[in-house]
file upload-v2.cif (mmCIF, C-alpha atoms)
data_model
loop_
_atom_site.label_atom_id
_atom_site.label_comp_id
_atom_site.auth_asym_id
_atom_site.auth_seq_id
_atom_site.Cartn_x
_atom_site.Cartn_y
_atom_site.Cartn_z
CA MET A 47 117.90 68.43 13.76
CA ASP A 48 114.76 66.42 12.92
CA ALA A 49 113.14 67.50 16.19
CA ALA A 50 113.95 71.14 15.41
CA ILE A 51 112.47 70.79 11.91
CA VAL A 52 109.28 69.31 13.41
CA ALA A 53 109.08 72.19 15.90
CA ALA A 54 109.52 74.78 13.14
CA ARG A 55 106.79 73.09 11.08
CA LEU A 56 104.43 73.00 14.06
CA VAL A 57 104.93 76.70 14.76
CA GLN A 58 104.22 77.53 11.12
CA PHE A 59 101.17 75.27 10.84
CA THR A 60 99.64 76.61 14.04
CA GLY A 61 100.26 80.23 13.10
CA ALA A 62 98.92 79.74 9.58
CA MET A 63 95.72 78.00 10.72
CA VAL A 64 94.89 80.79 13.16
CA LEU A 65 95.88 83.52 10.71
CA PHE A 66 93.47 82.10 8.13
CA GLY A 67 90.54 80.66 10.05
CA THR A 68 90.12 83.19 12.86
CA PRO A 69 89.55 86.35 10.76
CA LEU A 70 87.42 84.28 8.39
CA PHE A 71 85.26 83.30 11.37
CA PHE A 72 84.84 86.97 12.25
CA LEU A 73 83.69 87.65 8.69
CA TYR A 74 80.97 85.00 8.45
CA GLY A 75 80.18 84.42 12.12
CA LEU A 76 80.54 87.75 13.92
CA ARG A 77 79.55 90.36 11.40
CA GLY A 78 78.35 92.71 14.12
CA GLY A 79 81.40 92.15 16.29
CA VAL A 80 81.57 91.68 20.06
CA THR A 81 82.95 93.83 22.85
CA GLY A 82 85.22 91.09 24.21
CA ALA A 83 87.38 90.50 21.13
CA GLY A 84 90.23 92.90 21.81
CA TRP A 85 92.54 89.89 21.80
CA ALA A 86 91.97 89.26 18.07
CA LYS A 87 94.60 91.58 16.60
CA PRO A 88 97.34 90.59 19.08
CA LEU A 89 96.60 86.90 18.45
CA LEU A 90 96.72 87.32 14.68
CA SER A 91 99.90 89.43 14.91
CA LEU A 92 101.51 86.73 17.03
CA SER A 93 100.40 84.11 14.49
CA ALA A 94 101.88 86.06 11.57
CA GLY A 95 105.11 86.54 13.51
CA ALA A 96 105.22 82.81 14.29
CA VAL A 97 104.92 82.01 10.58
CA LEU A 98 107.73 84.46 9.78
CA VAL A 99 110.13 83.12 12.41
CA GLY A 100 109.19 79.51 11.73
CA SER A 101 109.71 79.97 7.98
CA VAL A 102 113.22 81.32 8.41
CA ILE A 103 114.24 78.66 10.93
CA GLY A 104 112.61 75.92 8.86
CA LEU A 105 114.38 77.06 5.69
CA VAL A 106 117.77 77.11 7.42
CA LEU A 107 117.28 73.69 9.03
CA GLN A 108 115.85 72.07 5.92
CA THR A 109 118.71 73.44 3.81
CA ALA A 110 121.23 71.90 6.18
CA SER A 111 119.31 68.62 6.13
CA MET A 112 119.11 68.48 2.33
CA ALA A 113 122.80 69.32 2.02
CA GLY A 114 123.75 66.79 4.68
CA ASP A 115 125.97 69.43 6.25
CA PRO A 116 125.00 71.64 9.22
CA THR A 117 127.29 74.41 7.97
CA ALA A 118 125.17 74.73 4.82
CA ALA A 119 122.56 76.48 6.96
CA PHE A 120 124.89 79.48 7.16
CA ASP A 121 126.08 79.41 3.55
CA ARG A 122 124.45 82.23 1.60
CA GLU A 123 124.92 80.64 -1.82
CA THR A 124 123.41 77.34 -0.70
CA LEU A 125 120.42 79.08 0.86
CA MET A 126 119.84 81.16 -2.27
CA ALA A 127 120.08 78.04 -4.43
CA VAL A 128 117.37 76.38 -2.35
CA ILE A 129 115.13 79.47 -2.43
CA THR A 130 115.44 80.09 -6.17
CA GLY A 131 115.95 76.57 -7.47
CA SER A 132 113.38 74.38 -5.71
CA ALA A 133 109.62 74.18 -5.12
CA PHE A 134 110.38 74.03 -1.40
CA GLY A 135 112.27 77.33 -1.50
CA ALA A 136 109.60 79.04 -3.60
CA GLY A 137 106.92 77.87 -1.16
CA VAL A 138 108.82 79.17 1.85
CA LEU A 139 109.47 82.51 0.13
CA ALA A 140 105.78 82.96 -0.76
CA ARG A 141 104.81 82.06 2.82
CA PHE A 142 107.29 84.53 4.30
CA VAL A 143 106.21 87.43 2.06
CA ALA A 144 102.48 86.83 2.64
CA ALA A 145 102.95 86.58 6.41
CA ALA A 146 105.10 89.73 6.44
CA VAL A 147 102.46 91.73 4.54
CA ALA A 148 99.77 90.38 6.87
CA LEU A 149 101.78 91.49 9.90
CA VAL A 150 102.15 95.01 8.48
CA ALA A 151 98.41 95.14 7.75
CA LEU A 152 97.60 94.02 11.29
CA PHE A 153 99.69 96.83 12.74
CA ALA A 154 98.52 99.50 10.29
CA THR A 155 94.77 98.78 10.03
CA ARG A 156 91.99 99.04 12.55
CA ALA A 157 90.12 95.89 13.53
CA GLY A 158 87.13 95.31 11.31
CA SER A 159 85.85 93.59 8.19
CA ARG A 160 88.46 95.13 5.91
CA LEU A 161 91.35 93.89 8.04
CA TRP A 162 89.78 90.44 8.44
CA LEU A 163 89.34 90.17 4.67
CA VAL A 164 92.91 91.23 3.89
CA THR A 165 94.34 88.93 6.56
CA THR A 166 92.30 85.96 5.34
CA ALA A 167 93.40 86.52 1.73
CA LEU A 168 97.08 86.69 2.68
CA ALA A 169 96.75 83.68 4.98
CA THR A 170 95.29 81.73 2.05
CA VAL A 171 98.66 82.13 0.33
CA VAL A 172 100.45 81.13 3.54
CA LEU A 173 98.44 77.91 3.89
CA ALA A 174 98.56 77.01 0.19
CA SER A 175 102.36 77.31 0.21
CA PHE A 176 102.63 74.24 2.45
CA ALA A 177 101.51 72.08 -0.49
CA TRP A 178 104.84 72.86 -2.18
CA THR A 179 106.99 72.20 0.87
CA GLY A 180 105.70 68.74 1.77
CA HIS A 181 104.73 65.41 0.26
CA GLY A 182 102.17 67.10 -2.00
CA ALA A 183 105.00 68.27 -4.28
CA ALA A 184 106.48 64.80 -4.76
CA GLU A 185 104.65 63.80 -7.97
CA ASP A 186 105.06 65.25 -11.46
CA GLY A 187 102.54 65.86 -14.22
CA MET A 188 98.79 65.49 -13.77
CA ALA A 189 99.20 63.33 -10.64
CA GLY A 190 101.27 66.07 -9.05
CA ARG A 191 98.67 68.73 -9.86
CA ILE A 192 95.85 66.61 -8.44
CA HIS A 193 97.81 65.88 -5.27
CA ALA A 194 98.80 69.53 -4.83
CA ALA A 195 95.21 70.71 -5.35
CA ALA A 196 93.92 68.18 -2.81
CA ASP A 197 96.63 69.26 -0.38
CA VAL A 198 95.71 72.95 -0.71
CA LEU A 199 92.00 72.28 -0.19
CA HIS A 200 92.81 70.00 2.77
CA LEU A 201 94.90 72.72 4.39
CA LEU A 202 92.28 75.45 3.82
CA ALA A 203 89.44 73.31 5.19
CA ALA A 204 91.52 72.45 8.25
CA GLY A 205 92.25 76.16 8.67
CA VAL A 206 88.53 76.97 8.61
CA TRP A 207 87.91 74.49 11.44
CA LEU A 208 90.97 75.11 13.62
CA GLY A 209 90.90 78.87 13.15
CA ALA A 210 87.26 78.95 14.21
CA LEU A 211 88.16 76.93 17.31
CA ALA A 212 90.81 79.51 18.19
CA ALA A 213 88.25 82.29 17.80
CA LEU A 214 85.65 80.43 19.87
CA ALA A 215 88.21 79.68 22.58
CA GLY A 216 89.05 83.38 22.77
CA LEU A 217 85.40 84.43 22.92
CA LEU A 218 84.46 81.81 25.48
CA THR A 219 87.32 82.73 27.82
CA ALA A 220 86.92 86.52 27.50
CA ARG A 221 86.44 88.25 30.84
CA ARG A 222 84.30 91.07 29.49
CA ARG A 223 81.01 89.67 28.22
CA ASN A 224 77.43 90.94 28.22
CA LEU A 225 74.15 89.32 27.18
CA ARG A 226 74.37 90.86 23.73
CA ASP A 227 77.78 89.27 23.22
CA VAL A 228 76.45 85.88 24.32
CA GLU A 229 73.63 86.20 21.79
CA ALA A 230 76.17 87.06 19.08
CA LEU A 231 78.26 84.06 20.12
CA HIS A 232 75.20 81.80 19.85
CA ARG A 233 74.48 83.09 16.34
CA ALA A 234 78.10 82.50 15.39
CA LEU A 235 77.97 78.93 16.71
CA ALA A 236 74.79 78.27 14.75
CA GLY A 237 76.33 79.80 11.64
CA PHE A 238 79.50 77.75 12.00
CA SER A 239 77.47 74.53 11.93
CA SER A 240 76.98 74.60 8.16
CA VAL A 241 80.45 75.99 7.49
CA GLY A 242 82.00 73.35 9.73
CA THR A 243 80.06 70.57 8.00
CA ALA A 244 81.35 71.72 4.61
CA ALA A 245 84.90 71.91 5.99
CA VAL A 246 84.67 68.34 7.33
CA ALA A 247 83.37 67.10 3.97
CA VAL A 248 86.34 68.70 2.20
CA ILE A 249 88.80 67.33 4.78
CA VAL A 250 87.48 63.79 4.37
CA THR A 251 87.40 63.93 0.56
CA THR A 252 90.85 65.44 0.15
CA GLY A 253 92.21 63.18 2.88
CA LEU A 254 91.15 60.18 0.81
CA VAL A 255 92.86 61.64 -2.25
CA ASN A 256 96.05 62.31 -0.30
CA SER A 257 95.95 58.79 1.15
CA TRP A 258 95.78 57.39 -2.38
CA PHE A 259 99.16 59.00 -3.09
CA LEU A 260 100.81 58.66 0.34
CA VAL A 261 99.60 55.18 1.27
CA GLY A 262 98.35 53.62 -1.94
CA PRO A 263 95.46 51.15 -2.36
CA SER A 264 97.83 48.18 -2.51
CA ARG A 265 99.49 49.08 0.81
CA ILE A 266 96.43 49.93 2.86
CA LEU A 267 96.48 46.64 4.77
CA GLN A 268 100.14 47.20 5.72
CA ILE A 269 99.57 50.74 6.98
CA GLY A 270 100.41 49.78 10.56
CA ALA A 271 103.77 48.30 9.63
CA SER A 272 105.59 51.65 9.50
CA THR A 273 106.01 54.64 11.78
CA TYR A 274 104.34 56.85 9.18
CA GLY A 275 101.33 54.53 8.99
CA LEU A 276 100.97 54.25 12.76
CA LEU A 277 101.08 58.03 13.21
CA LEU A 278 98.58 58.42 10.39
CA LEU A 279 96.21 56.09 12.24
CA VAL A 280 96.66 58.12 15.44
CA LYS A 281 95.88 61.27 13.45
CA LEU A 282 92.73 59.64 12.10
CA GLY A 283 91.67 58.69 15.63
CA ALA A 284 92.23 62.26 16.83
CA PHE A 285 90.18 63.55 13.89
CA VAL A 286 87.30 61.22 14.83
CA ALA A 287 87.49 62.49 18.42
CA MET A 288 87.25 66.08 17.16
CA LEU A 289 84.23 65.12 15.08
CA GLY A 290 82.56 63.71 18.18
CA LEU A 291 83.17 66.90 20.14
CA ALA A 292 82.00 69.07 17.23
CA ALA A 293 78.79 67.03 16.99
CA THR A 294 78.25 67.43 20.74
CA ASN A 295 78.71 71.19 20.42
CA ARG A 296 76.28 71.42 17.52
CA PHE A 297 73.48 69.12 18.62
CA PHE A 298 73.59 69.48 22.39
CA LEU A 299 75.63 72.37 23.79
CA THR A 300 74.60 75.06 21.29
CA PRO A 301 70.87 74.31 21.83
CA ASP A 302 71.55 74.34 25.59
CA LEU A 303 73.01 77.83 25.20
CA GLU A 304 69.88 78.92 23.34
CA SER A 305 67.75 77.60 26.18
CA GLY A 306 69.98 79.33 28.73
CA LEU A 307 69.63 82.62 26.88
CA ALA A 308 65.85 82.25 26.79
CA ALA A 309 65.88 81.69 30.56
CA GLY A 310 68.31 84.56 31.15
CA ALA A 311 70.91 82.20 32.68
CA PRO A 312 73.46 81.12 30.02
CA ASP A 313 76.46 80.69 32.36
CA GLN A 314 76.20 76.93 32.80
CA ALA A 315 75.86 76.34 29.05
CA LEU A 316 78.79 78.68 28.38
CA ALA A 317 80.97 76.75 30.84
CA ALA A 318 80.12 73.44 29.14
CA LEU A 319 80.87 74.92 25.72
CA ARG A 320 84.13 76.37 26.97
CA ARG A 321 85.30 72.98 28.24
CA SER A 322 84.33 71.23 25.03
CA VAL A 323 85.96 73.81 22.75
CA MET A 324 89.18 73.84 24.78
CA ILE A 325 89.42 70.03 24.61
CA GLU A 326 88.70 70.09 20.88
CA THR A 327 91.35 72.77 20.42
CA GLY A 328 93.87 70.67 22.35
CA ILE A 329 93.19 67.67 20.11
CA GLY A 330 93.55 69.96 17.10
CA LEU A 331 97.04 70.91 18.31
CA LEU A 332 97.83 67.19 18.60
CA VAL A 333 96.75 66.73 14.99
CA LEU A 334 99.03 69.57 13.87
CA THR A 335 101.90 68.02 15.83
CA LEU A 336 101.33 64.70 14.08
CA VAL A 337 101.18 66.43 10.69
CA SER A 338 104.46 68.17 11.48
CA VAL A 339 106.12 64.83 12.25
CA LEU A 340 104.57 63.03 9.27
CA GLY A 341 106.03 65.63 6.92
CA THR A 342 109.55 64.55 7.92
CA LEU A 343 108.93 60.82 7.35
CA PRO A 344 108.79 58.85 4.08
CA PRO A 345 105.15 57.97 3.30
CA VAL A 346 103.97 54.37 3.16
CA SER A 347 103.88 54.44 -0.65
CA ALA A 348 107.61 55.29 -0.73
CA GLN A 349 108.70 52.45 1.55
#

call {"tool": "encode", "arguments": {"input": "upload-v2.cif", "output": "structure tokens"}}
result
Amino acid sequence: MDAAIVAARLVQFTGAMVLFGTPLFFLYGLRGGVTGAGWAKPLLSLSAGAVLVGSVIGLVLQTASMAGDPTAAFDRETLMAVITGSAFGAGVLARFVAAAVALVALFATRAGSRLWLVTTALATVVLASFAWTGHGAAEDGMAGRIHAAADVLHLLAAGVWLGALAALAGLLTARRRNLRDVEALHRALAGFSSVGTAAVAVIVTTGLVNSWFLVGPSRILQIGASTYGLLLLVKLGAFVAMLGLAATNRFFLTPDLESGLAAGAPDQALAALRRSVMIETGIGLLVLTLVSVLGTLPPVSAQ
């Protein structure tokens, strides 16, 4: 059951990150649009559907786990008690409703700034809801509010980064591309530099706040003595690797693309960017997998 819960969490996290960060990237990075982005609506619809399915499965599995009885997953009264009587249930319900509305909007609205804005707003609710279904909801009082706020900001900043990677991966692998699209892609990459830097700053700051609660200053030297601590260290290493790739993209590959455009031969620079972004995206999926597992384990501070 634990493996199934982890899988359900991973599906939801991945769908939520794309649902939030990809349309946001279109808003600030591709205001003029590109001809090779017909995949955007199907991808976002799939992401919203993944959140919906993952939410239902996750609720059922988590209910059975909390009750200590697999049959509780099919008991209507138990499920309703979890939904209406716990922060976890309220978070899942808010996530489900926001994802459902986003899916309707994606089917009913033409691609464009209005749809991207609506989808981003609804996905903000989806991502924020995870703060009430994980370790961020463990504390009460002021400490609980600080931890929850840090968790929400951490999730949104991660969504900015990972959602942009999904958008860039789609644009860089699109079959239909002209010189105008490549120029738009270069402008988007340049524009993402400042946005990405701000997202990293928020991730690092809120990560430190979360670590204060989940690890604790007195336990920092014993972090490698537990499964949670070891996985947290692996996650940190993966994050550093993503930072290295992002820096390479910003300071080397994006300027190379500019030079390629000036020379009328951007294909080599595009290929290098495509490889780098795909690797960075793969590491991002590893990070989400680790986060999904960590959410099922007791943190270091609780051991």

call {"tool": "resolve_selection", "arguments": {"input": "upload-v2.cif", "expression": "the PyMOL selection byres ((chain A and resi 219) around 10)", "output": "MDAnalysis selection string"}}
result
chainID A and resid 82 214:218 220:223 316:317 320:321 324

call {"tool": "resolve_selection", "arguments": {"input": "upload-v2.cif", "expression": "the PyMOL selection byres ((chain A and resi 342) around 8)", "output": "MDAnalysis selection string"}}
result
chainID A and resid 48 51:52 338:341 343:344

call {"tool": "residues_around", "arguments": {"input": "upload-v2.cif", "residues": "Phe285 (chain A)", "least_positions_apart": "3", "cutoff": "9 Å", "atoms": "all atoms listed in the file", "output": "list in words"}}
result
Val280, Lys281, Leu282, Met288, Leu289, Gly290, Ile329, Gly330 and Val333 of chain A

call {"tool": "write_last_selection", "arguments": {"input": "upload-v2.cif", "atoms": "C-alpha atoms", "output": "compact mmCIF listing (two decimals), in the coordinates of the input"}}
result
# COMPACT_ATOMS: atom_id res chain seq x y z
CA VAL A 280 96.66 58.12 15.44
CA LYS A 281 95.88 61.27 13.45
CA LEU A 282 92.73 59.64 12.10
CA MET A 288 87.25 66.08 17.16
CA LEU A 289 84.23 65.12 15.08
CA GLY A 290 82.56 63.71 18.18
CA ILE A 329 93.19 67.67 20.11
CA GLY A 330 93.55 69.96 17.10
CA VAL A 333 96.75 66.73 14.99

call {"tool": "residues_around", "arguments": {"input": "upload-v2.cif", "residues": "Leu254 (chain A)", "least_positions_apart": "2", "cutoff": "12 Å", "atoms": "all atoms listed in the file", "output": "list in words"}}
result
His193, Ala196, Asp197, His200, Ala247, Val248, Ile249, Val250, Thr251, Thr252, Asn256, Ser257, Trp258, Phe259, Leu260, Val261, Gly262, Pro263, Ile266 and Leu282 of chain A

call {"tool": "resolve_selection", "arguments": {"input": "upload-v2.cif", "expression": "the PyMOL selection byres ((chain A and resi 161) around 12)", "output": "JSON list (two decimals) with C-alpha atoms, keeping the file's coordinate frame"}}
result
[["chain", "number", "residue", "atom", "x", "y", "z"],
["A", 65, "LEU", "CA", 95.88, 83.52, 10.71],
["A", 66, "PHE", "CA", 93.47, 82.10, 8.13],
["A", 68, "THR", "CA", 90.12, 83.19, 12.86],
["A", 69, "PRO", "CA", 89.55, 86.35, 10.76],
["A", 70, "LEU", "CA", 87.42, 84.28, 8.39],
["A", 72, "PHE", "CA", 84.84, 86.97, 12.25],
["A", 73, "LEU", "CA", 83.69, 87.65, 8.69],
["A", 86, "ALA", "CA", 91.97, 89.26, 18.07],
["A", 87, "LYS", "CA", 94.60, 91.58, 16.60],
["A", 90, "LEU", "CA", 96.72, 87.32, 14.68],
["A", 91, "SER", "CA", 99.90, 89.43, 14.91],
["A", 147, "VAL", "CA", 102.46, 91.73, 4.54],
["A", 148, "ALA", "CA", 99.77, 90.38, 6.87],
["A", 149, "LEU", "CA", 101.78, 91.49, 9.90],
["A", 150, "VAL", "CA", 102.15, 95.01, 8.48],
["A", 151, "ALA", "CA", 98.41, 95.14, 7.75],
["A", 152, "LEU", "CA", 97.60, 94.02, 11.29],
["A", 153, "PHE", "CA", 99.69, 96.83, 12.74],
["A", 154, "ALA", "CA", 98.52, 99.50, 10.29],
["A", 155, "THR", "CA", 94.77, 98.78, 10.03],
["A", 156, "ARG", "CA", 91.99, 99.04, 12.55],
["A", 157, "ALA", "CA", 90.12, 95.89, 13.53],
["A", 158, "GLY", "CA", 87.13, 95.31, 11.31],
["A", 159, "SER", "CA", 85.85, 93.59, 8.19],
["A", 160, "ARG", "CA", 88.46, 95.13, 5.91],
["A", 162, "TRP", "CA", 89.78, 90.44, 8.44],
["A", 163, "LEU", "CA", 89.34, 90.17, 4.67],
["A", 164, "VAL", "CA", 92.91, 91.23, 3.89],
["A", 165, "THR", "CA", 94.34, 88.93, 6.56],
["A", 166, "THR", "CA", 92.30, 85.96, 5.34],
["A", 167, "ALA", "CA", 93.40, 86.52, 1.73],
["A", 168, "LEU", "CA", 97.08, 86.69, 2.68],
["A", 169, "ALA", "CA", 96.75, 83.68, 4.98]]
